Structure formats: structure tokens, C-alpha cells
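Student: Quick one: structure below, then a few questions.
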Amino acid sequence: MNFKRHGLIAGIALTATLALAACGSDNNDPATSATNGASGGTGGSTVECASGTLTSQGSSAQGNAMAEWAKAYQQKCSGAQVNYQATASGAGITAFQGGTADFAGSDSSLKSGDEQTKANARCGGAPALNLPMVTGPIAIAYNLDGVKDLQLKPETIAKIFAGTVTKWDDAAIKADNPSATLPSTAILAVHRGDSSGTTENFTNYLTQTAPSVWTFGKDKVWKAPGGSGEQKSDGVAAALKKTAGAIGYVEWSFAKTNALATAKVYNGAGEYTALTGEAAGKTIAGAKVTGTGDDLAMTIDYSTKEAGAYPIVLVTYEIVCSKGNQADKLALLKGFLGFTSSADGQTQLDKLGYAPLPESVRAKVAASVKNLA
């Protein structure tokens, strides 16, 4: 599998502003169809194109995916604009609630209560939906000369990020890596310094799999003492790349872009599993949909006993109104999200360090997009 980025650039505030839509039409019909270049089975044969402009922001984890989707979409269509800013999940939800984003990317679903209520209000009282769109495996990336094939159990990862394991030759790391020669180098644990859905997913993983060690709970904001906080996914990746002895959690896409070493992680089946798209997909396939109707919020089982599953994964949701979308933007909203949720659109992600949605999930997302109003 080729994971080169084909010239895509992820900046600290990645902005994907690309010309999209209006395929092969000489009139102003907002919803014409194009079939050029689409493939990949059910959900991948037709691209719905429309004119207009979409403004969106949020998750930096999906920034590379959004750029790739826009690039692919513009090859099929022309005449519209989609602007995506990777401002982090919390900022994206706030922008959506305030009406300055047509949809938002978030690495966690809307919380019941105030967060969901405000989003519903922005939709004129209709439910705001959580549509899983990007499977972003979370890599445990590290920078340690001479050490390859590092493998870690959940309890060891929790101790490192809780600050109780501070040297690379600690007994806990040695126990997980009996054949490795580990230096006495100090560990620098790197975490997100901004409000982040990636942090929420990672701390949820630690809470579920190492509760006796990780006592800081699940949150978008980092709670454990010590370590180094960096802004957004590319900030974490940059710090890991330049700092000997560093270890951090970051989306696989950014780990691959920066050529970072990644650890094998012990799963519920009793295996140290390397991070691959297939391994991450096995964990997502076992996730449970907790939303109702067209809302597809999911609960991930980080302790999955599925053989060969890589357990630390996140799903980035597109937060969008089920009803109440602006009439002049609805066709483009459905066209673009229809493409991203198609089999063809999901296939675009293979080379970027993302795992395509399992077909059982993808088909449900595509159906929910068709129902947007």
C-alpha cells in the first residue's frame, strides 16, 4: 500500500480551500449528477454536484482526509468551494453551534446535555447528527535511537503518560520488551495542549483498559501532570520528530507523514498488534451504534478480543443538521458528504494513514446523508 501524500501539506492551521462541483452543466441547476471517474462498488458510482460555498472547521485529525477528498472531488466537479480549517474538535463544535460552520469535524460525538442542545438549536430545533466519516487510528509514536518494534501493554502506556514511568529502561517497559536493549534515556511524554477529541479518545482508552493506573478520567483537555503539551496533531508530530526520548499519541496519518516509529499495542486477544488499516478496521467493525435514527454516534470497545485488532482508534464525526440546513447550501452539503461517505470516497483514504469505514458502517452513513434536509 502506498501511503505517500501526493503533495498534501498539513499546517498548524490547515485550510483546504478547493474548487468543487457543478459537473458538466451549463446552467445553474444546483443538483446535477456526474459519473466520471467514480468507482468502488455500492455507494461509489455517482457524484452529486452542486454550486455554492461550504464553510467548515474542526478536527485536525481529519485535515489530511478533507484535503484529499476535496482534491478528488474537484477532479470530478467544478464550480463550488469547500473551505475546511483544522482548528481542533472543540473549536469546530463551537463554530457549528454559532452558525459559522455549515458542518463541523469532531473526534468525539456531541455530548448529551448542553453541547447537543446548543447544536440542535442551531438546527432550528431539529437534531444535530453525528456521522462517522473518518477512521483515524491513534499511533503511539516514539523517538528512540536503536529501538525498533517497541511493544507496550495498556498499563505501561498509562504509567508513561501518568508520569510514573520516566526512563526508557524502566522495569515495566522491559517486561513488555524482553528482547530489546533499552537505554536509560529520560522519557518526554508529549500530549495535546489544546482541547482535542484525540485526547478524549486516548484518555477513554486508558480509562477503559488501565483503570487502576490511569486515574485522570476521559476528557478533551489533558489532566495528567508533567509532559509536554503541543498544539494540534501536527504540533505533537513535530515535537516527537525532533526530540530524542519522546513518546506521544497522534493520528496515524501524522505519524506516517513524519516517518515516526510506532509501537505495537497489546489488545484484548492477548496479542501485540502493529498498526495497520486492516487492524484498526477490525476494532471499528465491532463498535456499537448508540445513536438513534440517522444519528450514528458510536461506542468503541477498546478491550476488543477480536484477533488482529489494533485497539486505539478514533472515529471523526461530521456534525451536521438533520434538518434546517440553508436551502442554498443543502445540495452541495449532500453532494460533498455523499462523496466522502461513498465507497469511492473512502478508498481515497488508504494512502494517507486512515482506515476506510467498514462497509456495514459506511452504508448507514451514506443513507443518513441522503436524508439531510
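The chains in the C-alpha cells are called A, B, ... from first to last as shown; in each chain the residues are counted from 1, and the ligands are counted from 1 in the order shown.
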Among stretch 75-216 of chain A, which ones does DSSP assign to helix (DSSP H, G or I) (computed from the backbone)? Answer as a PyMOL selection string.

Tutor: chain A and resi 75-76+89-97+114-122+154-162+171-176+197-209

Student: Would you output that residue set with N, CA and C atoms, as a short mmCIF file (atom, residue, chain, number, x, y, z; two decimals), in the first residue's frame?

Tutor:
```
data_model
loop_
_atom_site.label_atom_id
_atom_site.label_comp_id
_atom_site.auth_asym_id
_atom_site.auth_seq_id
_atom_site.Cartn_x
_atom_site.Cartn_y
_atom_site.Cartn_z
N GLN A 75 -11.67 16.91 -9.18
CA GLN A 75 -11.36 16.26 -10.45
C GLN A 75 -12.63 15.79 -11.15
N LYS A 76 -13.68 15.59 -10.40
CA LYS A 76 -14.95 15.15 -10.96
C LYS A 76 -15.89 16.33 -11.20
N SER A 89 -11.29 19.89 17.38
CA SER A 89 -12.69 19.46 17.53
C SER A 89 -13.54 20.44 18.33
N GLY A 90 -13.01 20.89 19.47
CA GLY A 90 -13.78 21.80 20.32
C GLY A 90 -14.14 23.08 19.61
N ALA A 91 -13.18 23.64 18.87
CA ALA A 91 -13.44 24.87 18.13
C ALA A 91 -14.45 24.64 17.01
N GLY A 92 -14.39 23.47 16.40
CA GLY A 92 -15.33 23.16 15.32
C GLY A 92 -16.76 23.07 15.83
N ILE A 93 -16.96 22.41 16.96
CA ILE A 93 -18.31 22.30 17.53
C ILE A 93 -18.84 23.68 17.90
N THR A 94 -17.98 24.51 18.50
CA THR A 94 -18.40 25.87 18.88
C THR A 94 -18.81 26.67 17.65
N ALA A 95 -18.03 26.55 16.57
CA ALA A 95 -18.36 27.27 15.33
C ALA A 95 -19.67 26.77 14.74
N PHE A 96 -19.90 25.47 14.78
CA PHE A 96 -21.15 24.91 14.26
C PHE A 96 -22.33 25.41 15.10
N GLN A 97 -22.20 25.36 16.40
CA GLN A 97 -23.28 25.84 17.28
C GLN A 97 -23.58 27.31 17.02
N ASP A 114 -25.86 20.10 27.35
CA ASP A 114 -25.67 21.44 26.79
C ASP A 114 -25.09 21.42 25.39
N GLU A 115 -24.10 20.55 25.13
CA GLU A 115 -23.45 20.53 23.82
C GLU A 115 -24.44 20.13 22.72
N GLN A 116 -25.21 19.07 22.96
CA GLN A 116 -26.20 18.63 21.98
C GLN A 116 -27.34 19.64 21.87
N THR A 117 -27.76 20.21 22.99
CA THR A 117 -28.87 21.17 22.99
C THR A 117 -28.54 22.40 22.14
N LYS A 118 -27.33 22.92 22.30
CA LYS A 118 -26.92 24.10 21.53
C LYS A 118 -26.83 23.77 20.04
N ALA A 119 -26.36 22.57 19.74
CA ALA A 119 -26.26 22.17 18.34
C ALA A 119 -27.65 22.01 17.73
N ASN A 120 -28.58 21.44 18.48
CA ASN A 120 -29.96 21.31 18.00
C ASN A 120 -30.60 22.68 17.76
N ALA A 121 -30.31 23.61 18.64
CA ALA A 121 -30.86 24.96 18.50
C ALA A 121 -30.35 25.61 17.22
N ARG A 122 -29.10 25.38 16.88
CA ARG A 122 -28.54 25.92 15.65
C ARG A 122 -29.23 25.31 14.43
N PRO A 154 -1.37 -1.79 27.78
CA PRO A 154 -2.12 -0.59 28.20
C PRO A 154 -1.63 -0.02 29.52
N GLU A 155 -1.34 -0.88 30.49
CA GLU A 155 -0.89 -0.40 31.79
C GLU A 155 0.43 0.35 31.68
N THR A 156 1.31 -0.12 30.81
CA THR A 156 2.60 0.55 30.63
C THR A 156 2.41 1.91 29.97
N ILE A 157 1.53 1.96 28.96
CA ILE A 157 1.24 3.24 28.31
C ILE A 157 0.67 4.22 29.33
N ALA A 158 -0.24 3.74 30.18
CA ALA A 158 -0.85 4.61 31.19
C ALA A 158 0.20 5.14 32.17
N LYS A 159 1.13 4.28 32.57
CA LYS A 159 2.18 4.72 33.50
C LYS A 159 3.07 5.78 32.88
N ILE A 160 3.39 5.61 31.60
CA ILE A 160 4.23 6.59 30.92
C ILE A 160 3.55 7.95 30.88
N PHE A 161 2.27 7.97 30.49
CA PHE A 161 1.58 9.25 30.32
C PHE A 161 1.08 9.83 31.65
N ALA A 162 1.02 8.99 32.69
CA ALA A 162 0.70 9.49 34.03
C ALA A 162 1.94 10.03 34.73
N ALA A 171 11.47 -0.97 34.48
CA ALA A 171 11.12 -2.39 34.53
C ALA A 171 9.83 -2.70 33.78
N ALA A 172 8.87 -1.78 33.81
CA ALA A 172 7.59 -2.01 33.12
C ALA A 172 7.79 -2.11 31.61
N ILE A 173 8.62 -1.24 31.04
CA ILE A 173 8.88 -1.28 29.60
C ILE A 173 9.73 -2.50 29.26
N LYS A 174 10.68 -2.85 30.14
CA LYS A 174 11.50 -4.04 29.91
C LYS A 174 10.64 -5.30 29.88
N ALA A 175 9.64 -5.36 30.76
CA ALA A 175 8.78 -6.54 30.82
C ALA A 175 8.01 -6.73 29.52
N ASP A 176 7.63 -5.63 28.87
CA ASP A 176 6.91 -5.70 27.59
C ASP A 176 7.86 -5.98 26.43
N GLY A 197 -10.45 16.12 20.55
CA GLY A 197 -11.15 14.85 20.53
C GLY A 197 -10.19 13.67 20.53
N THR A 198 -8.99 13.88 19.99
CA THR A 198 -7.97 12.82 20.04
C THR A 198 -7.61 12.51 21.48
N THR A 199 -7.43 13.55 22.28
CA THR A 199 -7.15 13.36 23.71
C THR A 199 -8.31 12.65 24.39
N GLU A 200 -9.54 13.03 24.06
CA GLU A 200 -10.69 12.38 24.67
C GLU A 200 -10.72 10.89 24.34
N ASN A 201 -10.44 10.53 23.10
CA ASN A 201 -10.41 9.12 22.72
C ASN A 201 -9.26 8.38 23.39
N PHE A 202 -8.10 9.00 23.44
CA PHE A 202 -6.94 8.35 24.04
C PHE A 202 -7.14 8.14 25.54
N THR A 203 -7.63 9.17 26.24
CA THR A 203 -7.86 9.02 27.67
C THR A 203 -9.01 8.07 27.97
N ASN A 204 -9.96 7.97 27.04
CA ASN A 204 -11.03 6.98 27.19
C ASN A 204 -10.44 5.57 27.08
N TYR A 205 -9.53 5.39 26.14
CA TYR A 205 -8.84 4.10 26.00
C TYR A 205 -8.11 3.74 27.30
N LEU A 206 -7.36 4.69 27.87
CA LEU A 206 -6.62 4.42 29.10
C LEU A 206 -7.57 4.14 30.26
N THR A 207 -8.68 4.88 30.31
CA THR A 207 -9.66 4.68 31.38
C THR A 207 -10.26 3.29 31.33
N GLN A 208 -10.54 2.81 30.12
CA GLN A 208 -11.17 1.51 29.97
C GLN A 208 -10.20 0.34 30.13
N THR A 209 -8.96 0.52 29.70
CA THR A 209 -8.04 -0.62 29.66
C THR A 209 -7.03 -0.65 30.81
#
```

Student: Could you go through stretch 32-262 of chain A and tell me which residues DSSP, when run on the backbone, assigns to strand (DSSP E or B), listing them as a PyMOL selection string?

Tutor: chain A and resi 32-34+47-49+52-58+80-85+103-106+128-142+151-152+167+186+188-192+228-230+246-251+261-262

Student: Do a neighbour search on A:Gly281 at 9 Å with only C-alpha atoms, toss out local chain neighbours closer than 3 positions, and write the hits as a PyMOL selection string.

Tutor: chain A and resi 135+137+276-278+284-286+309-310+313+355-358

Student: Please provide the set of residues having any atom within 9 Å of A:Gly291, restricted to only C-alpha atoms, with same-chain residues fewer than 6 positions apart removed, written as a list in words.

Tutor: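 In the requested format, the answer is Leu129, Asn130, Ala297 and Met298 of chain A.
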
Student: For the residues in that selection, give me C-alpha atoms as a PDB file, in the first residue's frame.

Tutor:
```pdb
ATOM      1  CA  LEU A 129     -26.353  14.412  13.760  1.00  0.00           C
ATOM      2  CA  ASN A 130     -23.054  12.648  14.456  1.00  0.00           C
ATOM      3  CA  ALA A 297     -22.750   8.068  17.318  1.00  0.00           C
ATOM      4  CA  MET A 298     -20.687   5.012  18.227  1.00  0.00           C
TER       5      MET A 298
END
```

Student: Could you list, as a list in words, every residue within 8 Å of A:Val365, counting only C-alpha atoms and ignoring same-chain residues fewer than 2 positions away?

Tutor: Leu131, Pro132, Met133, Asp294, Leu296, Ser341, Val361, Arg362, Ala363, Ala367, Ser368 and Val369 of chain A

Student: Could the residues in this selection be written to a file with N, CA and C atoms, as a PDB file, in the first residue's frame?

Tutor:
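Listed below is the output, result-v9.pdb:
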```
ATOM      1  N   LEU A 131     -22.169  11.909  12.307  1.00  0.00           N
ATOM      2  CA  LEU A 131     -21.979  10.974  11.207  1.00  0.00           C
ATOM      3  C   LEU A 131     -20.514  10.542  11.152  1.00  0.00           C
ATOM      4  N   PRO A 132     -20.191   9.306  11.557  1.00  0.00           N
ATOM      5  CA  PRO A 132     -18.800   8.852  11.494  1.00  0.00           C
ATOM      6  C   PRO A 132     -18.315   8.853  10.053  1.00  0.00           C
ATOM      7  N   MET A 133     -17.166   9.476   9.806  1.00  0.00           N
ATOM      8  CA  MET A 133     -16.702   9.615   8.427  1.00  0.00           C
ATOM      9  C   MET A 133     -15.255   9.163   8.247  1.00  0.00           C
ATOM     10  N   ASP A 294     -31.081   8.588  12.202  1.00  0.00           N
ATOM     11  CA  ASP A 294     -29.962   8.922  11.331  1.00  0.00           C
ATOM     12  C   ASP A 294     -28.705   9.319  12.104  1.00  0.00           C
ATOM     13  N   LEU A 296     -25.552   8.478  14.151  1.00  0.00           N
ATOM     14  CA  LEU A 296     -24.743   7.270  14.174  1.00  0.00           C
ATOM     15  C   LEU A 296     -23.565   7.377  15.141  1.00  0.00           C
ATOM     16  N   SER A 341     -18.722   9.771   2.009  1.00  0.00           N
ATOM     17  CA  SER A 341     -19.266   8.545   2.589  1.00  0.00           C
ATOM     18  C   SER A 341     -19.480   7.446   1.555  1.00  0.00           C
ATOM     19  N   VAL A 361     -20.847   0.085   8.301  1.00  0.00           N
ATOM     20  CA  VAL A 361     -20.974   1.438   8.845  1.00  0.00           C
ATOM     21  C   VAL A 361     -21.131   2.446   7.714  1.00  0.00           C
ATOM     22  N   ARG A 362     -20.300   2.309   6.682  1.00  0.00           N
ATOM     23  CA  ARG A 362     -20.326   3.259   5.559  1.00  0.00           C
ATOM     24  C   ARG A 362     -21.702   3.373   4.929  1.00  0.00           C
ATOM     25  N   ALA A 363     -22.359   2.254   4.732  1.00  0.00           N
ATOM     26  CA  ALA A 363     -23.679   2.272   4.096  1.00  0.00           C
ATOM     27  C   ALA A 363     -24.695   3.037   4.934  1.00  0.00           C
ATOM     28  N   ALA A 367     -26.664   6.580   3.838  1.00  0.00           N
ATOM     29  CA  ALA A 367     -28.129   6.694   3.903  1.00  0.00           C
ATOM     30  C   ALA A 367     -28.544   7.912   4.712  1.00  0.00           C
ATOM     31  N   SER A 368     -27.834   8.203   5.824  1.00  0.00           N
ATOM     32  CA  SER A 368     -28.152   9.371   6.633  1.00  0.00           C
ATOM     33  C   SER A 368     -27.910  10.665   5.869  1.00  0.00           C
ATOM     34  N   VAL A 369     -26.836  10.699   5.070  1.00  0.00           N
ATOM     35  CA  VAL A 369     -26.525  11.901   4.270  1.00  0.00           C
ATOM     36  C   VAL A 369     -27.671  12.161   3.278  1.00  0.00           C
TER      37      VAL A 369
END
```

Student: Between atom CA of A:Ala239 and atom CA of A:Ala259, what distance in Å does the model show, to one decimal?

Tutor: 12.7 Å

Student: My list of candidates is A:Gly217, A:Pro211, A:Pro311, A:Gly335. Which is closest to A:Ala279 when distances are computed with only C-alpha atoms?

Tutor: A:Pro311

Student: What's the 10 Å shell around A:Asn371, counting only C-alpha atoms, without same-chain residues fewer than 5 positions away, as a list in words?

Tutor: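 In the requested format, the answer is Asp294, Ser322, Lys323, Lys334 and Ala366 of chain A.
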
Student: Take the residues from that selection and write them out as a PDB file, in the first residue's frame, keeping all heavy atoms.

Tutor:
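To be explicit, this is the file written out as out.pdb:
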```
ATOM      1  N   ASP A 294     -31.081   8.588  12.202  1.00  0.00           N
ATOM      2  CA  ASP A 294     -29.962   8.922  11.331  1.00  0.00           C
ATOM      3  C   ASP A 294     -28.705   9.319  12.104  1.00  0.00           C
ATOM      4  O   ASP A 294     -27.654   9.542  11.499  1.00  0.00           O
ATOM      5  CB  ASP A 294     -30.353  10.061  10.377  1.00  0.00           C
ATOM      6  CG  ASP A 294     -31.240   9.575   9.240  1.00  0.00           C
ATOM      7  OD1 ASP A 294     -31.156   8.386   8.895  1.00  0.00           O
ATOM      8  OD2 ASP A 294     -32.026  10.392   8.712  1.00  0.00           O
ATOM      9  N   SER A 322     -29.720  17.571  10.811  1.00  0.00           N
ATOM     10  CA  SER A 322     -30.577  16.625  10.095  1.00  0.00           C
ATOM     11  C   SER A 322     -31.574  17.370   9.223  1.00  0.00           C
ATOM     12  O   SER A 322     -31.868  16.967   8.098  1.00  0.00           O
ATOM     13  CB  SER A 322     -31.326  15.732  11.092  1.00  0.00           C
ATOM     14  OG  SER A 322     -32.088  16.513  12.004  1.00  0.00           O
ATOM     15  N   LYS A 323     -32.071  18.501   9.732  1.00  0.00           N
ATOM     16  CA  LYS A 323     -32.959  19.405   9.005  1.00  0.00           C
ATOM     17  C   LYS A 323     -32.575  20.822   9.375  1.00  0.00           C
ATOM     18  O   LYS A 323     -31.857  21.060  10.344  1.00  0.00           O
ATOM     19  CB  LYS A 323     -34.423  19.143   9.372  1.00  0.00           C
ATOM     20  CG  LYS A 323     -34.932  17.761   8.986  1.00  0.00           C
ATOM     21  CD  LYS A 323     -36.390  17.589   9.387  1.00  0.00           C
ATOM     22  CE  LYS A 323     -36.897  16.195   9.020  1.00  0.00           C
ATOM     23  NZ  LYS A 323     -38.310  15.995   9.422  1.00  0.00           N
ATOM     24  N   LYS A 334     -24.982  17.886   0.733  1.00  0.00           N
ATOM     25  CA  LYS A 334     -25.296  16.478   0.491  1.00  0.00           C
ATOM     26  C   LYS A 334     -24.371  15.871  -0.564  1.00  0.00           C
ATOM     27  O   LYS A 334     -23.979  14.705  -0.477  1.00  0.00           O
ATOM     28  CB  LYS A 334     -26.759  16.327   0.069  1.00  0.00           C
ATOM     29  CG  LYS A 334     -27.746  16.702   1.167  1.00  0.00           C
ATOM     30  CD  LYS A 334     -29.190  16.623   0.707  1.00  0.00           C
ATOM     31  CE  LYS A 334     -29.655  15.204   0.511  1.00  0.00           C
ATOM     32  NZ  LYS A 334     -31.115  15.135   0.277  1.00  0.00           N
ATOM     33  N   ALA A 366     -23.961   6.833   4.502  1.00  0.00           N
ATOM     34  CA  ALA A 366     -24.420   7.306   3.196  1.00  0.00           C
ATOM     35  C   ALA A 366     -25.936   7.484   3.192  1.00  0.00           C
ATOM     36  O   ALA A 366     -26.470   8.460   2.620  1.00  0.00           O
ATOM     37  CB  ALA A 366     -24.010   6.322   2.105  1.00  0.00           C
TER      38      ALA A 366
END
```

Student: Mind pulling up the distance from atom CA of A:Ser303 to atom CA of A:Tyr266?

Tutor: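 Answer for the atom CA of A:Tyr266 to atom CA of A:Ser303 separation: 9.6 Å.
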
Student: What does the structure give for the distance between atom CA of A:Gly245 and atom CA of A:Tyr142, in Å to one decimal?

Tutor: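 Atom CA of A:Tyr142 lies 7.2 Å from atom CA of A:Gly245.
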
Student: For a quick check of understanding, using only C-alpha atoms, which of A:Asn325, A:Thr283, A:Ser196, A:Asn177 has the smallest distance to A:Gln231?

Tutor: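 For A:Gln231, the nearest of the candidates is A:Ser196.
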